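Content type mmCIF, C-alpha atoms, from the file model.cif:
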data_target
loop_
_atom_site.label_atom_id
_atom_site.label_comp_id
_atom_site.auth_asym_id
_atom_site.auth_seq_id
_atom_site.Cartn_x
_atom_site.Cartn_y
_atom_site.Cartn_z
CA MET Q 1222 28.97 5.81 7.70
CA THR Q 1223 25.70 4.59 9.18
CA LEU Q 1224 23.89 4.74 5.83
CA ARG Q 1225 24.98 3.34 2.47
CA THR Q 1226 23.43 4.39 -0.81
CA THR Q 1227 23.98 3.05 -4.29
CA THR Q 1228 22.17 4.25 -7.39
CA ASP Q 1229 21.79 2.49 -10.70
CA LYS Q 1230 21.61 5.36 -13.17
CA ASP Q 1231 20.38 3.02 -15.91
CA THR Q 1232 17.31 1.86 -13.98
CA GLY Q 1233 16.76 4.94 -11.81
CA VAL Q 1234 16.67 2.85 -8.60
CA ALA Q 1235 18.52 3.83 -5.42
CA LEU Q 1236 19.27 1.26 -2.71
CA LEU Q 1237 19.43 2.75 0.79
CA THR Q 1238 20.94 0.50 3.47
CA LEU Q 1239 20.84 1.14 7.22
CA ASP Q 1240 24.40 0.16 8.08
CA ARG Q 1241 24.82 -0.45 11.81
CA PRO Q 1242 24.58 -4.26 11.88
CA GLU Q 1243 26.53 -4.47 15.15
CA LYS Q 1244 23.70 -2.40 16.71
CA LEU Q 1245 20.96 -4.29 14.85
CA ASN Q 1246 20.64 -1.18 12.66
CA ALA Q 1247 19.23 0.84 15.54
CA LEU Q 1248 19.03 4.54 14.73
CA ASP Q 1249 21.33 6.96 16.52
CA LEU Q 1250 20.85 10.71 16.22
CA PRO Q 1251 23.30 11.22 13.31
CA THR Q 1252 21.62 8.42 11.35
CA ALA Q 1253 18.18 9.91 11.94
CA ALA Q 1254 19.39 13.32 10.75
CA THR Q 1255 21.08 11.79 7.70
CA LEU Q 1256 17.87 9.97 6.75
CA SER Q 1257 15.93 13.22 6.79
CA SER Q 1258 18.58 14.92 4.66
CA PHE Q 1259 18.65 12.01 2.22
CA TRP Q 1260 14.92 12.20 1.51
CA ARG Q 1261 14.97 15.99 1.14
CA GLU Q 1262 17.92 15.94 -1.24
CA LEU Q 1263 16.34 13.16 -3.29
CA ARG Q 1264 13.52 15.53 -4.26
CA PHE Q 1265 16.03 17.33 -6.50
CA ASP Q 1266 17.71 14.25 -8.00
CA ASP Q 1267 15.78 13.37 -11.14
CA SER Q 1268 18.08 10.44 -11.87
CA VAL Q 1269 16.45 8.52 -8.99
CA ARG Q 1270 12.85 7.50 -9.67
CA ALA Q 1271 12.34 4.77 -7.03
CA VAL Q 1272 14.02 3.73 -3.77
CA VAL Q 1273 14.53 0.44 -1.94
CA VAL Q 1274 15.39 0.66 1.77
CA THR Q 1275 16.81 -2.26 3.75
CA GLY Q 1276 19.09 -3.11 6.68
CA ALA Q 1277 22.64 -4.46 6.66
CA GLY Q 1278 23.23 -8.02 7.84
CA ASP Q 1279 20.65 -10.73 8.32
CA ARG Q 1280 19.66 -10.18 11.96
CA ALA Q 1281 17.63 -6.99 11.70
CA PHE Q 1282 16.09 -4.48 9.34
CA CYS Q 1283 16.03 -1.93 12.16
CA THR Q 1284 15.37 -2.11 15.90
CA GLY Q 1285 14.25 1.48 16.34
CA LEU Q 1286 15.91 4.25 18.29
CA ASP Q 1287 19.26 3.41 19.85
CA ARG Q 1288 18.81 3.47 23.64
CA ASP Q 1289 21.91 5.62 24.04
CA ALA Q 1290 20.33 8.15 21.70
CA ALA Q 1291 17.02 8.02 23.53
CA THR Q 1292 18.60 9.08 26.80
CA ALA Q 1293 20.51 11.90 25.04
CA VAL Q 1294 17.42 13.71 23.79
CA PRO Q 1295 16.28 16.45 26.21
CA GLN Q 1296 12.53 16.65 26.71
CA PRO Q 1297 10.47 19.82 27.23
CA SER Q 1298 8.70 20.14 30.56
CA SER Q 1299 5.32 20.73 28.90
CA PRO Q 1300 3.02 17.66 28.77
CA TYR Q 1301 1.65 18.92 25.44
CA THR Q 1302 4.73 18.18 23.37
CA ILE Q 1303 7.67 15.80 23.13
CA GLU Q 1304 10.98 15.84 21.31
CA ASP Q 1305 11.08 12.80 19.02
CA PRO Q 1306 14.15 12.44 16.77
CA LEU Q 1307 12.43 9.87 14.53
CA LEU Q 1308 9.45 11.96 13.43
CA ARG Q 1309 11.14 13.00 10.19
CA ILE Q 1310 13.07 9.90 9.16
CA GLY Q 1311 10.52 8.86 6.54
CA PRO Q 1312 10.10 10.07 2.95
CA LYS Q 1313 6.57 11.45 3.26
CA SER Q 1314 7.52 13.55 6.30
CA ASN Q 1315 10.12 15.18 4.07
CA ASP Q 1316 7.74 15.83 1.17
CA LEU Q 1317 9.22 13.14 -1.06
CA TRP Q 1318 6.68 11.42 -3.32
CA LYS Q 1319 8.97 9.05 -5.17
CA PRO Q 1320 7.99 5.42 -4.46
CA VAL Q 1321 9.81 3.72 -1.59
CA ILE Q 1322 9.83 -0.06 -1.13
CA ALA Q 1323 11.10 -1.63 2.11
CA ALA Q 1324 12.97 -4.95 1.95
CA VAL Q 1325 12.68 -6.32 5.48
CA ASN Q 1326 15.19 -8.85 6.79
CA GLY Q 1327 15.25 -10.09 10.38
CA MET Q 1328 13.79 -7.97 13.19
CA ALA Q 1329 11.77 -4.82 12.52
CA CYS Q 1330 10.49 -3.26 15.70
CA GLY Q 1331 9.54 -0.08 17.54
CA GLY Q 1332 11.00 2.97 15.84
CA ALA Q 1333 11.52 1.03 12.61
CA PHE Q 1334 7.78 1.54 12.08
CA TYR Q 1335 8.34 5.26 11.41
CA LEU Q 1336 10.26 4.19 8.30
CA LEU Q 1337 8.05 1.25 7.35
CA GLY Q 1338 4.91 3.33 7.90
CA GLU Q 1339 6.03 5.79 5.22
CA SER Q 1340 7.17 3.15 2.74
CA ASP Q 1341 4.73 2.42 -0.06
CA PHE Q 1342 4.87 -1.34 0.33
CA LEU Q 1343 6.94 -3.98 2.09
CA VAL Q 1344 8.69 -7.09 0.82
CA ALA Q 1345 9.95 -9.52 3.46
CA ASP Q 1346 12.47 -12.30 3.84
CA PRO Q 1347 10.98 -15.40 5.56
CA SER Q 1348 13.16 -14.56 8.58
CA ALA Q 1349 11.49 -11.16 9.08
CA THR Q 1350 9.65 -10.58 12.35
CA PHE Q 1351 7.71 -7.54 13.54
CA PHE Q 1352 7.05 -6.45 17.14
CA ASP Q 1353 6.67 -3.36 19.30
CA PRO Q 1354 8.53 -3.43 22.65
CA HIS Q 1355 7.17 -0.17 24.12
CA THR Q 1356 4.65 -1.46 26.64
CA THR Q 1357 7.10 -4.02 28.04
CA TYR Q 1358 9.43 -1.19 29.05
CA GLY Q 1359 6.83 1.20 30.40
CA MET Q 1360 6.44 3.37 27.30
CA VAL Q 1361 3.41 4.32 25.24
CA SER Q 1362 3.39 3.08 21.66
CA ALA Q 1363 1.73 6.11 20.06
CA PHE Q 1364 3.35 7.19 16.80
CA GLU Q 1365 4.24 3.58 15.96
CA SER Q 1366 0.73 2.30 16.62
CA VAL Q 1367 -0.86 5.04 14.52
CA LEU Q 1368 1.33 4.10 11.57
CA MET Q 1369 0.80 0.35 11.94
CA ALA Q 1370 -2.96 0.72 12.41
CA GLN Q 1371 -3.06 2.17 8.91
CA ARG Q 1372 -1.25 -0.80 7.43
CA MET Q 1373 -3.16 -3.74 8.91
CA PRO Q 1374 -6.46 -4.53 10.66
CA TYR Q 1375 -7.00 -2.78 13.98
CA GLY Q 1376 -6.93 -5.99 16.01
CA GLU Q 1377 -3.58 -7.02 14.58
CA ALA Q 1378 -2.04 -3.57 15.18
CA ALA Q 1379 -3.43 -3.49 18.72
CA ARG Q 1380 -2.20 -6.99 19.50
CA MET Q 1381 1.31 -6.16 18.29
CA ALA Q 1382 1.43 -2.96 20.32
CA LEU Q 1383 -0.01 -4.46 23.50
CA MET Q 1384 1.88 -7.78 23.55
CA GLY Q 1385 5.25 -6.01 23.62
CA THR Q 1386 8.27 -8.30 23.58
CA ALA Q 1387 6.25 -11.43 24.42
CA GLU Q 1388 5.22 -12.01 20.81
CA ARG Q 1389 6.56 -11.41 17.32
CA MET Q 1390 4.62 -11.40 14.08
CA SER Q 1391 6.19 -13.68 11.49
CA ALA Q 1392 6.66 -12.75 7.85
CA ARG Q 1393 3.94 -15.26 6.97
CA ARG Q 1394 1.44 -13.66 9.35
CA ALA Q 1395 2.45 -10.17 8.20
CA TYR Q 1396 1.61 -11.24 4.66
CA GLU Q 1397 -1.73 -12.70 5.75
CA VAL Q 1398 -2.83 -9.45 7.42
CA GLY Q 1399 -1.60 -7.18 4.61
CA LEU Q 1400 1.40 -5.57 6.29
CA VAL Q 1401 3.71 -7.29 3.80
CA SER Q 1402 2.90 -7.61 0.10
CA GLU Q 1403 5.33 -10.47 -0.65
CA VAL Q 1404 7.37 -13.04 1.25
CA THR Q 1405 10.36 -14.04 -0.85
CA ASP Q 1406 12.66 -17.02 -0.87
CA PRO Q 1407 15.40 -16.80 1.81
CA GLY Q 1408 17.89 -14.05 1.05
CA GLU Q 1409 15.89 -12.66 -1.87
CA ALA Q 1410 14.02 -9.74 -0.32
CA VAL Q 1411 16.28 -7.00 -1.67
CA THR Q 1412 16.35 -8.59 -5.12
CA ALA Q 1413 12.56 -8.80 -5.21
CA ALA Q 1414 12.16 -5.22 -4.00
CA VAL Q 1415 14.66 -3.92 -6.58
CA ARG Q 1416 12.84 -5.83 -9.29
CA CYS Q 1417 9.58 -4.05 -8.39
CA ALA Q 1418 11.37 -0.71 -8.12
CA GLU Q 1419 12.87 -1.11 -11.58
CA VAL Q 1420 9.44 -1.68 -13.10
CA ILE Q 1421 7.98 1.37 -11.35
CA ALA Q 1422 11.01 3.54 -12.18
CA GLY Q 1423 10.44 2.73 -15.86
CA TYR Q 1424 7.07 4.50 -15.86
CA PRO Q 1425 6.59 8.26 -16.33
CA PRO Q 1426 7.64 9.79 -12.97
CA GLU Q 1427 4.86 12.39 -12.97
CA ALA Q 1428 2.22 9.65 -13.06
CA VAL Q 1429 4.04 7.52 -10.48
CA GLN Q 1430 4.53 10.33 -7.98
CA GLY Q 1431 0.95 11.51 -8.43
CA THR Q 1432 -0.23 7.98 -7.68
CA VAL Q 1433 1.92 7.78 -4.53
CA ARG Q 1434 0.47 11.11 -3.42
CA ALA Q 1435 -3.08 9.94 -4.09
CA CYS Q 1436 -2.63 6.71 -2.12
CA TRP Q 1437 -1.15 8.65 0.80
CA ALA Q 1438 -3.96 11.22 0.66
CA ALA Q 1439 -6.48 8.42 1.15
CA GLN Q 1440 -5.26 7.95 4.71
CA GLU Q 1441 -3.52 11.24 5.46
CA ALA Q 1442 -6.41 13.05 7.15
CA ALA Q 1443 -7.02 10.24 9.63
CA ARG Q 1444 -3.29 9.87 10.21
CA ALA Q 1445 -2.75 13.56 10.92
CA HIS Q 1446 -5.67 13.63 13.34
CA ALA Q 1447 -4.41 10.53 15.17
CA LEU Q 1448 -0.80 11.72 15.36
CA ALA Q 1449 -1.96 14.96 16.98
CA TYR Q 1450 -2.85 12.93 20.09
CA ALA Q 1451 0.47 11.07 20.22
CA PRO Q 1452 2.64 13.60 22.11
CA HIS Q 1453 0.06 13.93 24.91
CA LEU Q 1454 -0.31 10.18 25.27
CA VAL Q 1455 3.45 9.67 25.43
CA SER Q 1456 3.92 12.50 27.96
CA LEU Q 1457 1.16 11.17 30.20
CA GLY Q 1458 1.81 7.44 29.91
CA ASN Q 1459 5.58 6.90 29.79
CA LEU Q 1460 7.29 5.80 32.97
CA PRO Q 1461 10.16 8.00 34.22
CA GLY Q 1462 13.43 7.37 32.40
CA LYS Q 1463 15.05 5.72 35.43
CA ARG Q 1464 12.27 3.16 35.67
CA GLN Q 1465 12.42 2.49 31.92
CA ALA Q 1466 16.17 1.90 32.23
CA GLU Q 1467 15.57 -0.62 35.03
CA LEU Q 1468 13.13 -2.55 32.85
CA PHE Q 1469 15.59 -2.56 29.93
CA ALA Q 1470 18.39 -3.74 32.22
CA GLY Q 1471 16.24 -6.63 33.40
CA ARG Q 1472 15.38 -7.95 29.95
CA ARG Q 1473 16.38 -11.50 29.09
CA PRO Q 1474 17.02 -13.06 25.68
CA GLY Q 1475 14.29 -15.24 24.28
CA GLY Q 1476 11.01 -15.57 26.06
CA PHE Q 1477 8.91 -14.60 23.08
CA ARG Q 1478 6.50 -16.44 20.81
CA VAL Q 1479 6.52 -16.09 17.01
CA ARG Q 1480 3.11 -16.34 15.38
#

Please re-express this file's structure in structure tokens.
Amino acid sequence: MTLRTTTDKDTGVALLTLDRPEKLNALDLPTAATLSSFWRELRFDDSVRAVVVTGAGDRAFCTGLDRDAATAVPQPSSPYTIEDPLLRIGPKSNDLWKPVIAAVNGMACGGAFYLLGESDFLVADPSATFFDPHTTYGMVSAFESVLMAQRMPYGEAARMALMGTAERMSARRAYEVGLVSEVTDPGEAVTAAVRCAEVIAGYPPEAVQGTVRACWAAQEAARAHALAYAPHLVSLGNLPGKRQAELFAGRRPGGFRVR
């Protein structure tokens, strides 16, 4: 299984773990589909009132779409649309309004932002780093940048998107700019996130879910308008797949700065 879920029926908290540590929890197509199904099914499970999502291992929360999966997705010939398997991996995209807290450990990059962008708040281990590799490999960061621009100041979101693999945002900096709400002691991110989830799950669910919906509504109109541009920008700006593959093949470990 590429996802693990455990639910504490006493507290009403579910822990969802991306479980591909050998792939840095990158998302393949079955995992993406399972995530969508999980959120949809959770709408009907009244025993779960809050969710914590994290990644297995200590190297990565999630490193986005698995490259093998990316090359397996056929694309329409029209420049006005794209086929993106990650568009519905988040709770809000599946009409789930139960609170979701992300516990980020290690790397969170690229397609991970689809999931983080639809979490209600983030808790981070000191080892957490955030970056967006798209521009380095000749791809437009569109959906990811829209989501991140709603979670931190424009300049910080733009810098992350434009600097590619040359720079990573530390947990400390993510906290300073508001992307992360808490930086925990080492190894304590999941515990801290579960602690918050237990408090929230103890409140009347109607009030909690209405509050989640209200917070999302505050930014939803701008988000929907911005996301409408994303397919066109990706279709126009991405390099051909062969050239992207050459850039990926030429990547070297290290060579980045953490700020």

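What separates CA of Val1274 in chain Q from CA of Phe1364 in chain Q is a distance of 20.3 Å.
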
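Note that CA of Asp1287 in chain Q and CA of Gln1371 in chain Q are 24.9 Å apart.
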
(request) Using the chain letters and residue numbers of this document, give as a PyMOL selection string the residues selected by the PyMOL selection byres ((chain Q and resi 1284) around 6). (result) chain Q and resi 1247+1283+1285+1329-1330+1333

(request) Determine, counting all atoms listed in the file, which protein, DNA and RNA residues have an atom within 8 Å of an atom of Arg1372 in chain Q; residues of the same chain fewer than 6 positions away are not included. Present the result as a PyMOL selection string. (result) chain Q and resi 1338+1399-1400

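Here CA of Ala1235 in chain Q and CA of Ala1392 in chain Q stand 24.3 Å from one another.
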